[in-house]
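Coordinates as given in input.txt (compact mmCIF, C-alpha atoms):
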# COMPACT_ATOMS: atom_id res chain seq x y z
CA MET R 1 0.00 0.00 0.00
CA SER R 2 1.33 3.43 -0.87
CA ALA R 3 2.27 5.89 1.85
CA PHE R 4 -0.55 8.21 0.85
CA LYS R 5 -3.15 5.46 1.17
CA GLU R 6 -1.70 4.44 4.54
CA LEU R 7 -2.41 7.97 5.73
CA THR R 8 -5.85 8.52 4.22
CA LYS R 9 -7.44 5.14 4.91
CA GLY R 10 -8.36 6.34 8.40
CA PHE R 11 -10.24 9.39 7.13
CA PHE R 12 -13.32 7.68 5.70
CA LYS R 13 -12.73 4.15 4.42
CA GLU R 14 -11.61 2.77 7.78
CA ASN R 15 -12.77 5.66 9.94
CA PRO R 16 -12.24 4.51 13.55
CA VAL R 17 -15.59 5.86 14.76
CA PHE R 18 -18.03 5.50 11.89
CA VAL R 19 -16.75 2.28 10.35
CA LEU R 20 -14.86 0.44 13.08
CA ALA R 21 -17.05 1.78 15.94
CA LEU R 22 -14.09 2.22 18.30
CA GLY R 23 -13.49 4.92 20.91
CA LEU R 24 -17.15 5.60 21.45
CA CYS R 25 -17.07 6.90 25.03
CA PRO R 26 -15.04 10.07 24.31
CA THR R 27 -16.85 10.45 21.00
CA LEU R 28 -20.14 10.87 22.80
CA ALA R 29 -18.90 12.71 25.84
CA VAL R 30 -16.91 15.57 24.34
CA THR R 31 -18.92 16.47 21.26
CA SER R 32 -21.36 19.02 22.66
CA LEU R 33 -19.13 21.85 21.38
CA VAL R 34 -16.85 21.93 18.33
CA GLU R 35 -13.87 23.25 20.34
CA LYS R 36 -14.07 20.30 22.70
CA GLY R 37 -14.25 17.90 19.77
CA ILE R 38 -11.16 19.38 18.12
CA GLY R 39 -9.23 19.45 21.41
CA MET R 40 -10.02 15.83 22.17
CA GLY R 41 -9.25 14.75 18.60
CA LEU R 42 -5.83 16.41 18.56
CA ALA R 43 -4.92 15.13 22.03
CA ALA R 44 -5.78 11.58 20.96
CA THR R 45 -3.90 12.04 17.67
CA PHE R 46 -0.76 13.07 19.54
CA VAL R 47 -0.92 10.03 21.82
CA LEU R 48 -1.71 7.74 18.90
CA VAL R 49 1.20 8.96 16.75
CA CYS R 50 3.73 8.85 19.60
CA SER R 51 2.69 5.44 20.89
CA ASN R 52 2.55 3.98 17.37
CA VAL R 53 6.08 5.21 16.60
CA LEU R 54 7.54 4.05 19.92
CA ILE R 55 5.88 0.64 19.71
CA ALA R 56 7.09 0.18 16.14
CA LEU R 57 10.62 1.12 17.29
CA ILE R 58 10.74 -1.48 20.06
CA ARG R 59 8.57 -4.08 18.34
CA LYS R 60 11.39 -6.60 17.97
CA MET R 61 12.37 -6.42 21.64
CA VAL R 62 8.92 -6.86 23.15
CA PRO R 63 8.12 -10.41 24.29
CA LYS R 64 4.77 -11.47 22.84
CA LYS R 65 3.29 -12.60 26.15
CA ILE R 66 3.57 -9.33 28.03
CA ARG R 67 3.06 -6.98 25.11
CA ILE R 68 -0.31 -5.63 26.27
CA PRO R 69 0.91 -4.31 29.65
CA ILE R 70 3.93 -2.78 27.91
CA PHE R 71 1.71 -1.06 25.34
CA ILE R 72 -0.58 0.24 28.08
CA VAL R 73 2.32 1.74 30.04
CA ILE R 74 3.66 3.44 26.89
CA ILE R 75 0.23 4.86 26.06
CA ALA R 76 -0.33 5.99 29.66
CA THR R 77 3.00 7.82 29.64
CA PHE R 78 2.03 9.90 26.62
CA VAL R 79 -1.40 10.53 28.11
CA VAL R 80 0.22 11.95 31.23
CA ILE R 81 2.29 14.27 29.02
CA VAL R 82 -0.86 15.50 27.26
CA GLU R 83 -2.63 15.89 30.60
CA LEU R 84 0.12 18.05 32.09
CA VAL R 85 0.68 20.17 28.96
CA MET R 86 -3.01 20.85 28.60
CA LYS R 87 -3.38 21.76 32.27
CA ALA R 88 -0.50 24.21 31.96
CA TYR R 89 -1.32 25.91 28.66
CA LEU R 90 -5.04 25.35 27.99
CA PRO R 91 -6.68 25.23 31.43
CA PRO R 92 -10.26 25.96 30.19
CA LEU R 93 -10.10 23.12 27.66
CA SER R 94 -8.56 20.79 30.21
CA GLU R 95 -11.41 21.58 32.59
CA ALA R 96 -14.06 21.09 29.89
CA LEU R 97 -12.71 17.69 28.86
CA GLY R 98 -12.33 16.64 32.51
CA ILE R 99 -11.79 12.96 33.18
CA PHE R 100 -11.84 12.14 29.47
CA ILE R 101 -8.21 13.27 29.16
CA PRO R 102 -6.86 10.55 31.50
CA LEU R 103 -9.35 8.18 29.89
CA ILE R 104 -7.50 8.40 26.56
CA VAL R 105 -5.48 5.53 28.08
CA VAL R 106 -8.39 3.15 27.64
CA ASN R 107 -9.46 4.51 24.26
CA CYS R 108 -9.68 1.32 22.22
CA ILE R 109 -8.51 3.05 19.02
CA ILE R 110 -5.01 3.54 20.44
CA LEU R 111 -4.48 0.07 21.87
CA GLY R 112 -6.22 -1.33 18.79
CA ARG R 113 -3.76 0.33 16.40
CA ALA R 114 -0.79 -0.76 18.53
CA GLU R 115 -2.02 -4.34 18.47
CA ALA R 116 -3.27 -4.46 14.88
CA PHE R 117 -0.68 -2.30 13.14
CA ALA R 118 2.33 -0.83 14.94
CA GLN R 119 3.64 -4.08 16.42
CA ASN R 120 4.30 -5.58 12.99
CA HIS R 121 4.98 -2.61 10.70
CA SER R 122 7.90 -0.25 10.15
CA VAL R 123 8.28 3.04 12.03
CA GLY R 124 7.40 5.17 8.99
CA LYS R 125 4.25 3.24 8.19
CA SER R 126 3.17 3.22 11.83
CA PHE R 127 3.63 6.99 11.99
CA LEU R 128 1.39 7.47 8.94
CA ASP R 129 -1.16 5.00 10.27
CA GLY R 130 -1.28 6.74 13.65
CA LEU R 131 -1.59 10.17 12.06
CA GLY R 132 -4.30 9.01 9.65
CA MET R 133 -6.34 7.23 12.29
CA GLY R 134 -5.96 10.16 14.69
CA LEU R 135 -7.12 12.64 12.06
CA GLY R 136 -9.96 10.29 11.13
CA PHE R 137 -11.02 10.31 14.79
CA THR R 138 -10.77 14.12 14.80
CA ILE R 139 -12.87 14.36 11.62
CA ALA R 140 -15.53 12.18 13.18
CA LEU R 141 -15.57 14.30 16.36
CA VAL R 142 -15.82 17.51 14.33
CA ILE R 143 -18.72 16.16 12.24
CA ILE R 144 -20.66 15.03 15.32
CA SER R 145 -19.93 18.15 17.36
CA SER R 146 -20.82 20.44 14.43
CA ILE R 147 -24.24 18.82 14.09
CA ARG R 148 -24.83 19.01 17.83
CA GLU R 149 -23.58 22.57 18.30
CA ILE R 150 -25.33 24.02 15.23
CA ILE R 151 -28.72 22.49 16.03
CA GLY R 152 -28.43 22.51 19.81
CA PHE R 153 -26.94 26.00 20.29
CA GLY R 154 -27.44 27.62 16.89
CA THR R 155 -23.71 28.43 16.78
CA PHE R 156 -20.56 27.06 15.14
CA LEU R 157 -17.32 27.57 17.12
CA GLY R 158 -19.28 30.18 19.08
CA LEU R 159 -20.38 32.17 16.00
CA PRO R 160 -24.14 32.42 15.43
CA VAL R 161 -25.31 30.43 12.40
CA PHE R 162 -29.00 31.22 12.24
CA GLY R 163 -30.76 34.53 12.74
CA GLU R 164 -31.91 35.83 16.11
CA GLY R 165 -35.26 34.08 15.96
CA TYR R 166 -33.75 30.58 16.04
CA GLN R 167 -34.99 28.41 18.88
CA PRO R 168 -32.15 25.99 19.68
CA ALA R 169 -33.09 22.32 20.17
CA THR R 170 -31.32 21.97 23.51
CA ILE R 171 -31.82 18.20 23.61
CA LEU R 172 -28.97 17.78 21.12
CA ILE R 173 -26.35 19.24 23.42
CA LEU R 174 -27.66 17.24 26.37
CA GLN R 175 -26.65 13.59 26.80
CA PRO R 176 -29.51 12.02 24.76
CA GLY R 177 -28.54 14.15 21.76
CA ALA R 178 -25.15 12.45 21.64
CA PHE R 179 -26.69 8.99 21.46
CA LEU R 180 -29.27 10.00 18.85
CA THR R 181 -26.76 11.84 16.63
CA ILE R 182 -24.27 9.01 16.52
CA GLY R 183 -27.02 6.43 16.08
CA PHE R 184 -28.33 8.11 12.95
CA LEU R 185 -24.82 8.85 11.64
CA LEU R 186 -23.81 5.19 12.00
CA GLY R 187 -27.04 4.27 10.23
CA PHE R 188 -26.21 6.69 7.42
CA PHE R 189 -22.71 5.24 6.96
CA ALA R 190 -24.08 1.68 7.00
CA TRP R 191 -26.65 2.67 4.37
CA ARG R 192 -23.93 4.16 2.17
CA ARG R 193 -21.77 1.05 2.54
CA ASN R 194 -24.69 -1.21 1.67
CA ARG R 195 -25.45 0.82 -1.42
CA LYS R 196 -21.83 0.71 -2.61
CA LYS R 197 -21.66 -3.02 -2.04
CA ASN R 198 -24.85 -3.57 -3.98
CA LYS R 199 -23.46 -1.60 -6.91
CA THR R 200 -20.25 -3.58 -7.19
CA MET R 201 -21.62 -6.95 -6.13
CA PRO R 202 -25.24 -7.41 -7.22
CA ASP R 203 -25.42 -10.92 -5.78
CA VAL R 204 -28.04 -10.33 -3.09
CA GLU R 205 -28.22 -14.00 -2.15
CA ALA R 206 -24.53 -14.04 -1.21
CA LEU R 207 -25.03 -10.95 0.93
CA ARG R 208 -27.99 -12.49 2.66
CA ALA R 209 -26.01 -15.65 3.38
CA GLN R 210 -23.21 -13.50 4.79
CA ARG R 211 -25.73 -11.66 6.97
CA GLU R 212 -27.11 -14.96 8.28
CA LYS R 213 -23.62 -16.19 9.07
CA MET R 214 -22.64 -12.97 10.84
CA THR R 215 -25.79 -13.03 12.94
CA GLN R 216 -25.03 -16.59 13.94
CA VAL R 217 -21.44 -15.75 14.82
CA THR R 218 -22.43 -12.77 16.94
CA ARG R 219 -25.14 -14.79 18.65
CA GLU R 220 -22.68 -17.50 19.50
CA ALA R 221 -20.18 -14.96 20.70
CA ALA R 222 -22.79 -13.39 22.96
CA MET O 223 -26.95 17.49 56.06
CA SER O 224 -25.80 14.52 58.10
CA TYR O 225 -23.12 12.19 56.81
CA GLY O 226 -25.57 9.30 56.43
CA VAL O 227 -27.98 11.31 54.30
CA LYS O 228 -25.07 12.49 52.20
CA LEU O 229 -24.04 8.89 51.55
CA ILE O 230 -27.58 7.88 50.56
CA LEU O 231 -27.84 10.81 48.16
CA LEU O 232 -24.44 9.95 46.73
CA PHE O 233 -25.62 6.39 46.08
CA VAL O 234 -28.92 7.41 44.48
CA GLY O 235 -27.10 10.05 42.46
CA ALA O 236 -24.60 7.53 41.13
CA VAL O 237 -27.32 5.05 40.15
CA PHE O 238 -29.85 7.39 38.53
CA VAL O 239 -28.86 11.04 38.16
CA ASN O 240 -25.27 10.55 37.03
CA ASN O 241 -25.78 7.10 35.57
CA PHE O 242 -22.37 6.02 34.30
CA VAL O 243 -23.54 4.81 30.92
CA LEU O 244 -26.42 7.08 30.02
CA MET O 245 -25.31 10.34 31.61
CA ARG O 246 -21.51 10.16 31.81
CA PHE O 247 -20.85 8.03 28.69
CA LEU O 248 -18.54 5.61 30.49
CA GLY O 249 -18.36 1.92 29.67
CA LEU O 250 -20.15 2.08 26.34
CA CYS O 251 -18.23 -0.79 24.75
CA PRO O 252 -19.49 -3.48 27.13
CA TYR O 253 -22.84 -1.70 27.24
CA LEU O 254 -23.34 -2.28 23.53
CA GLY O 255 -21.33 -5.49 23.29
CA VAL O 256 -22.80 -7.56 26.12
CA SER O 257 -26.39 -6.32 26.02
CA LYS O 258 -27.81 -8.83 23.58
CA GLN O 259 -29.11 -11.25 26.23
CA THR O 260 -30.38 -10.57 29.72
CA ASP O 261 -28.41 -13.43 31.31
CA SER O 262 -25.03 -12.27 30.10
CA ALA O 263 -25.97 -8.68 30.95
CA VAL O 264 -26.57 -9.65 34.59
CA GLY O 265 -23.28 -11.58 34.69
CA MET O 266 -21.33 -8.67 33.25
CA GLY O 267 -23.02 -6.23 35.63
CA MET O 268 -22.08 -8.30 38.69
CA ALA O 269 -18.48 -8.61 37.51
CA VAL O 270 -18.31 -4.84 37.01
CA ILE O 271 -19.73 -4.05 40.48
CA PHE O 272 -17.19 -6.42 42.02
CA VAL O 273 -14.17 -5.01 40.15
CA MET O 274 -15.29 -1.40 40.65
CA PHE O 275 -15.52 -1.91 44.40
CA LEU O 276 -12.08 -3.52 44.64
CA ALA O 277 -10.52 -0.95 42.31
CA SER O 278 -11.91 1.91 44.41
CA VAL O 279 -10.49 0.41 47.61
CA PHE O 280 -7.03 -0.10 46.17
CA THR O 281 -6.67 3.08 44.14
CA TRP O 282 -7.94 5.25 47.00
CA LEU O 283 -5.49 3.70 49.46
CA ILE O 284 -2.60 3.90 47.00
CA TYR O 285 -3.39 7.51 46.14
CA ARG O 286 -3.68 8.56 49.79
CA PHE O 287 -0.79 6.61 51.27
CA VAL O 288 1.69 6.26 48.42
CA LEU O 289 1.19 8.93 45.76
CA ILE O 290 0.47 11.90 48.03
CA PRO O 291 3.40 11.33 50.44
CA LEU O 292 5.78 10.77 47.51
CA ASP O 293 4.38 13.78 45.64
CA LEU O 294 3.63 11.66 42.60
CA THR O 295 -0.02 12.61 42.14
CA TRP O 296 0.56 13.52 38.48
CA MET O 297 1.42 9.85 37.85
CA ARG O 298 -2.02 8.67 38.94
CA THR O 299 -3.22 7.68 35.44
CA ILE O 300 -0.32 5.27 34.96
CA PHE O 301 -0.64 3.89 38.50
CA PHE O 302 -4.39 3.43 38.33
CA ILE O 303 -4.43 1.59 35.02
CA LEU O 304 -1.70 -0.75 36.28
CA VAL O 305 -3.55 -1.34 39.55
CA ILE O 306 -6.77 -2.14 37.69
CA ALA O 307 -5.06 -4.44 35.19
CA SER O 308 -3.20 -6.40 37.84
CA LEU O 309 -6.27 -6.47 40.08
CA VAL O 310 -8.40 -8.02 37.35
CA GLN O 311 -5.69 -10.61 36.66
CA THR O 312 -5.41 -11.50 40.36
CA VAL O 313 -9.15 -11.72 40.83
CA GLU O 314 -9.34 -14.01 37.82
CA ILE O 315 -6.66 -16.35 39.15
CA VAL O 316 -7.99 -16.40 42.72
CA MET O 317 -11.54 -16.94 41.57
CA GLN O 318 -10.55 -19.76 39.25
CA LYS O 319 -8.80 -21.60 42.11
CA SER O 320 -11.11 -20.97 45.03
CA MET O 321 -14.54 -20.18 43.60
CA PRO O 322 -14.91 -22.22 40.40
CA GLY O 323 -18.70 -21.79 40.41
CA LEU O 324 -18.53 -18.02 40.46
CA TYR O 325 -15.67 -18.10 37.98
CA LYS O 326 -17.78 -20.04 35.53
CA SER O 327 -20.48 -17.41 35.55
CA LEU O 328 -18.35 -14.24 35.78
CA GLY O 329 -14.95 -15.37 34.46
CA ILE O 330 -15.43 -14.64 30.78
CA TYR O 331 -16.35 -11.02 31.52
CA LEU O 332 -13.31 -10.26 33.66
CA PRO O 333 -10.69 -9.69 30.92
CA LEU O 334 -13.14 -7.35 29.18
CA ILE O 335 -13.23 -5.14 32.24
CA THR O 336 -9.58 -4.09 32.18
CA THR O 337 -10.17 -1.84 29.21
CA ASN O 338 -13.57 -0.74 30.46
CA CYS O 339 -13.30 3.00 30.82
CA ALA O 340 -16.00 2.97 33.51
CA VAL O 341 -13.58 1.44 36.04
CA LEU O 342 -10.70 3.84 35.37
CA GLY O 343 -13.19 6.70 35.11
CA LEU O 344 -14.67 5.83 38.49
CA THR O 345 -11.29 5.79 40.24
CA VAL O 346 -10.30 9.12 38.68
CA LEU O 347 -13.66 10.65 39.61
CA ASN O 348 -13.24 9.52 43.22
CA ILE O 349 -10.01 11.49 43.39
CA ASP O 350 -11.23 14.50 41.40
CA LYS O 351 -14.29 14.93 43.63
CA SER O 352 -12.06 14.39 46.69
CA TYR O 353 -14.35 11.76 48.22
CA ASP O 354 -13.20 10.25 51.50
CA PHE O 355 -12.75 6.49 51.80
CA VAL O 356 -16.37 5.59 52.69
CA GLU O 357 -17.78 7.97 50.08
CA SER O 358 -15.56 6.37 47.44
CA LEU O 359 -16.89 2.93 48.31
CA VAL O 360 -20.52 4.07 48.22
CA HIS O 361 -19.89 5.86 44.95
CA SER O 362 -18.28 2.76 43.44
CA VAL O 363 -21.17 0.47 44.38
CA GLY O 364 -23.69 3.04 43.13
CA ALA O 365 -21.85 3.39 39.85
CA GLY O 366 -21.74 -0.38 39.42
CA VAL O 367 -25.44 -0.78 40.20
CA GLY O 368 -26.27 2.03 37.78
CA PHE O 369 -24.19 0.36 35.08
CA THR O 370 -25.93 -2.98 35.69
CA LEU O 371 -29.35 -1.33 35.64
CA ALA O 372 -28.70 0.34 32.29
CA LEU O 373 -27.20 -2.85 30.88
CA VAL O 374 -30.07 -5.12 31.94
CA LEU O 375 -32.73 -2.66 30.73
CA MET O 376 -30.96 -2.41 27.38
CA ALA O 377 -30.66 -6.21 27.07
CA GLY O 378 -34.39 -6.57 27.66
CA LEU O 379 -35.12 -4.03 24.94
CA ARG O 380 -32.70 -5.57 22.49
CA GLU O 381 -34.15 -9.06 22.94
CA ARG O 382 -37.45 -7.65 21.73
CA MET O 383 -35.83 -5.65 18.95
CA GLU O 384 -34.53 -8.89 17.45
CA VAL O 385 -38.02 -9.67 16.20
CA GLY O 386 -38.84 -6.07 15.22
CA ASN O 387 -38.75 -4.87 11.63
CA VAL O 388 -35.80 -2.47 11.75
CA PRO O 389 -34.66 -0.77 8.49
CA LYS O 390 -31.66 -2.62 7.09
CA ALA O 391 -29.14 0.19 7.53
CA MET O 392 -30.18 0.80 11.15
CA ARG O 393 -29.78 -2.81 12.30
CA GLY O 394 -27.25 -3.56 15.03
CA LEU O 395 -25.32 -0.64 16.51
CA PRO O 396 -27.27 2.31 15.03
CA ILE O 397 -30.63 1.25 16.45
CA ALA O 398 -28.95 0.36 19.75
CA PHE O 399 -27.65 3.93 19.99
CA VAL O 400 -31.04 5.43 19.19
CA THR O 401 -32.58 3.22 21.88
CA ALA O 402 -29.89 4.34 24.33
CA GLY O 403 -30.75 7.92 23.41
CA LEU O 404 -34.40 7.38 24.31
CA MET O 405 -33.38 5.71 27.60
CA SER O 406 -31.11 8.65 28.27
CA ILE O 407 -34.06 11.03 27.83
CA ALA O 408 -35.94 9.01 30.43
CA PHE O 409 -32.96 9.20 32.81
CA LEU O 410 -32.81 12.99 32.36
CA GLY O 411 -36.06 12.98 34.30
CA PHE O 412 -34.17 11.87 37.43
CA ALA O 413 -32.14 15.07 37.39
CA GLY O 414 -34.29 16.75 40.04
CA LEU O 415 -33.92 13.84 42.45
CA ILE O 416 -30.82 15.24 44.14
CA PRO O 417 -30.90 18.72 45.65
CA GLY O 418 -28.06 21.00 44.62
Rewrite the structure of this file - the entire thing - as structure tokens.
Amino acid sequence: MSAFKELTKGFFKENPVFVLALGLCPTLAVTSLVEKGIGMGLAATFVLVCSNVLIALIRKMVPKKIRIPIFIVIIATFVVIVELVMKAYLPPLSEALGIFIPLIVVNCIILGRAEAFAQNHSVGKSFLDGLGMGLGFTIALVIISSIREIIGFGTFLGLPVFGEGYQPATILILQPGAFLTIGFLLGFFAWRRNRKKNKTMPDVEALRAQREKMTQVTREAA
Amino acid sequence: MSYGVKLILLFVGAVFVNNFVLMRFLGLCPYLGVSKQTDSAVGMGMAVIFVMFLASVFTWLIYRFVLIPLDLTWMRTIFFILVIASLVQTVEIVMQKSMPGLYKSLGIYLPLITTNCAVLGLTVLNIDKSYDFVESLVHSVGAGVGFTLALVLMAGLRERMEVGNVPKAMRGLPIAFVTAGLMSIAFLGFAGLIPG
């Protein structure tokens, strides 16, 4: 895969939130305002890039059996750096994001990329993968927070979007709005995927068989 | 307000008003992953209550008696995640040896809990809100009960949704999120339960 594709696959095709459905807790919690979404996205991108690069650097020295604890300690170290820097230079943002800054440690996107990519790819590729996935996460947060802020507050980054007479639908910036927005967005992306698949592969029977099989697998897993 | 009343309010608040899943968005992965059947939802809920309680005990003691005296409070994220991970491992081993019955019913959920942000979130919240030891314990049990409540309710709904005629694109996660949104609206109604 070319370097450019390695970087851009995280934007839409393998978007961590909309396609892989990873990292959902911060996605829902910090998207009531666009600033918070951007801040969280960039913080996670920093941790993701640094941990991906470091893990790719030491990948040949790490014993397979204890790799997960090692990865977690590496990730936690970078999270502490972000936590302290943000507290020192951006105190309002750090306060707004609250416990979700330390919780970047358990964001499944980061450990997922370490496990699925960085531990068996070169440093350069891991850097691009981390950057792409991080920006993909940021894009997702910006999309969700834009929808919520514009409808729920009538503003975008604090600037009024509609005229004075606009009655904001406050429910969207409250907790239920997060669930509803992401529910419908995931539905939209699934619909788009289905349509694309149908165009390239008109064999509906095969799809149905696949669906049956997947349902069975998930049922068994549950 | 007496200390006892404060504890009761803290408990009720953690279960309903600040429900971990529906109001604080913590622990969504297991919430959506293990809520397909009521039985497994109950098992997961019990395992989470248990681990949350133990994690609160240990992290509070470590924070108060190790990190504060050594002036290492900025390291708490690293310490807490390590404590939780090793705690879950230990509980798994001990349970397997001494309580095979319980292990059979809860064991499979234990590894999932290490990366459950609800547990780390709870321990960080305990410190951020500067709860004392007893308050931390009450808060942890309340949070666990609230998580279980949301999980079991969701599992009941999803069992019925299996037979419903959901549009193709909305099947699975999307409809689960919309359902969670509606539940969250219902839980907003508890907001007035706690004064202040």
Need the shell around Leu404 (chain O): protein/DNA/RNA residues with any atom at most 9 Å away, counting only C-alpha atoms. Skip same-chain ones fewer than 4 positions apart. Format as a list in words?
Pro176, Phe179 and Leu180 of chain R; Phe399, Val400, Ala408 and Phe409 of chain O
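Residue-level contact on chain O: within 6 Å of chain R, counting all atoms listed in the file, the set is Met245, Phe247, Leu248, Leu250, Ile300, Thr337, Cys339, Ala391, Met392, Pro396, Phe399, Val400, Gly403, Ser406 and Ile407 of chain O.
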Surrounding residues of Leu33 (chain R) excluding itself and chain neighbours under 4 positions, 10 Å, only C-alpha atoms, as a ChimeraX atom specification:
/R:37-38,96,141-142,144-150,152-153,155-158,173
Kindly save the residues from that selection, with C-alpha atoms included, as a CSV table (one decimal), in the coordinates of the input.
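As written to disk, again-v9.csv reads:
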chain,number,residue,atom,x,y,z
R,37,GLY,CA,-14.2,17.9,19.8
R,38,ILE,CA,-11.2,19.4,18.1
R,96,ALA,CA,-14.1,21.1,29.9
R,141,LEU,CA,-15.6,14.3,16.4
R,142,VAL,CA,-15.8,17.5,14.3
R,144,ILE,CA,-20.7,15.0,15.3
R,145,SER,CA,-19.9,18.2,17.4
R,146,SER,CA,-20.8,20.4,14.4
R,147,ILE,CA,-24.2,18.8,14.1
R,148,ARG,CA,-24.8,19.0,17.8
R,149,GLU,CA,-23.6,22.6,18.3
R,150,ILE,CA,-25.3,24.0,15.2
R,152,GLY,CA,-28.4,22.5,19.8
R,153,PHE,CA,-26.9,26.0,20.3
R,155,THR,CA,-23.7,28.4,16.8
R,156,PHE,CA,-20.6,27.1,15.1
R,157,LEU,CA,-17.3,27.6,17.1
R,158,GLY,CA,-19.3,30.2,19.1
R,173,ILE,CA,-26.4,19.2,23.4
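One distance worth recording is that between CA of Glu384 (chain O) and CA of Gln210 (chain R), which is 17.6 Å.
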Box centre and edge lengths (Å, one decimal), axis-aligned, region 377-392 of chain O plus 6 Å each side, as AutoDock Vina command-line options:
--center_x -34.0 --center_y -4.4 --center_z 17.4 --size_x 21.7 --size_y 22.5 --size_z 32.6
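Within the 7 Å cut-off around region 40-43 of chain R, using only C-alpha atoms and omitting residues fewer than 6 positions from it on the same chain, the listed residues are Val82, Gly134, Phe137, Thr138 and Leu141 of chain R.
Counting all atoms listed in the file, Met274 (chain O) has the following residues at most 8 Å away, ignoring those fewer than 3 positions along the same chain: Val270, Ile271, Ala277, Ser278, Val341, Leu344, Ser362, Val363 and Gly366 of chain O.
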For Val360 (chain O), list every protein, DNA or RNA residue within 8 Å, evaluated using all atoms listed in the file, and leave out those in the same chain fewer than 4 positions away; present the list as a PyMOL selection string.
chain O and resi 229+232-233+356+364
What separates CA of Asn52 (chain R) and CA of Pro16 (chain R) is a distance of 15.3 Å
Please complete region 34-46 of chain R so it has N, CA, C and O atoms, and hand it over as a CSV table (one decimal), in the frame of the given file.
chain,number,residue,atom,x,y,z
R,34,VAL,N,-17.9,22.3,19.3
R,34,VAL,CA,-16.8,21.9,18.3
R,34,VAL,C,-15.4,22.1,18.9
R,34,VAL,O,-14.6,21.2,18.7
R,35,GLU,N,-15.2,23.1,19.8
R,35,GLU,CA,-13.9,23.2,20.3
R,35,GLU,C,-13.4,22.0,21.1
R,35,GLU,O,-12.3,21.6,21.0
R,36,LYS,N,-14.4,21.5,21.9
R,36,LYS,CA,-14.1,20.3,22.7
R,36,LYS,C,-13.7,19.1,21.8
R,36,LYS,O,-12.8,18.4,22.1
R,37,GLY,N,-14.5,19.0,20.7
R,37,GLY,CA,-14.2,17.9,19.8
R,37,GLY,C,-12.9,18.0,19.2
R,37,GLY,O,-12.1,17.0,19.1
R,38,ILE,N,-12.5,19.2,18.7
R,38,ILE,CA,-11.2,19.4,18.1
R,38,ILE,C,-10.1,19.1,19.2
R,38,ILE,O,-9.1,18.4,18.9
R,39,GLY,N,-10.2,19.7,20.4
R,39,GLY,CA,-9.2,19.4,21.4
R,39,GLY,C,-9.0,18.0,21.7
R,39,GLY,O,-7.9,17.5,21.8
R,40,MET,N,-10.1,17.3,21.9
R,40,MET,CA,-10.0,15.8,22.2
R,40,MET,C,-9.4,15.1,21.0
R,40,MET,O,-8.5,14.2,21.2
R,41,GLY,N,-9.8,15.4,19.8
R,41,GLY,CA,-9.2,14.8,18.6
R,41,GLY,C,-7.7,14.9,18.5
R,41,GLY,O,-7.0,14.0,18.3
R,42,LEU,N,-7.3,16.2,18.7
R,42,LEU,CA,-5.8,16.4,18.6
R,42,LEU,C,-5.1,15.8,19.7
R,42,LEU,O,-4.0,15.2,19.5
R,43,ALA,N,-5.6,15.8,20.9
R,43,ALA,CA,-4.9,15.1,22.0
R,43,ALA,C,-4.8,13.6,21.7
R,43,ALA,O,-3.7,13.1,21.9
R,44,ALA,N,-5.8,13.0,21.3
R,44,ALA,CA,-5.8,11.6,21.0
R,44,ALA,C,-4.8,11.3,19.8
R,44,ALA,O,-4.1,10.3,19.8
R,45,THR,N,-4.8,12.2,18.8
R,45,THR,CA,-3.9,12.0,17.7
R,45,THR,C,-2.4,12.1,18.1
R,45,THR,O,-1.6,11.2,17.7
R,46,PHE,N,-2.1,13.0,19.0
R,46,PHE,CA,-0.8,13.1,19.5
R,46,PHE,C,-0.4,11.8,20.2
R,46,PHE,O,0.7,11.2,19.9
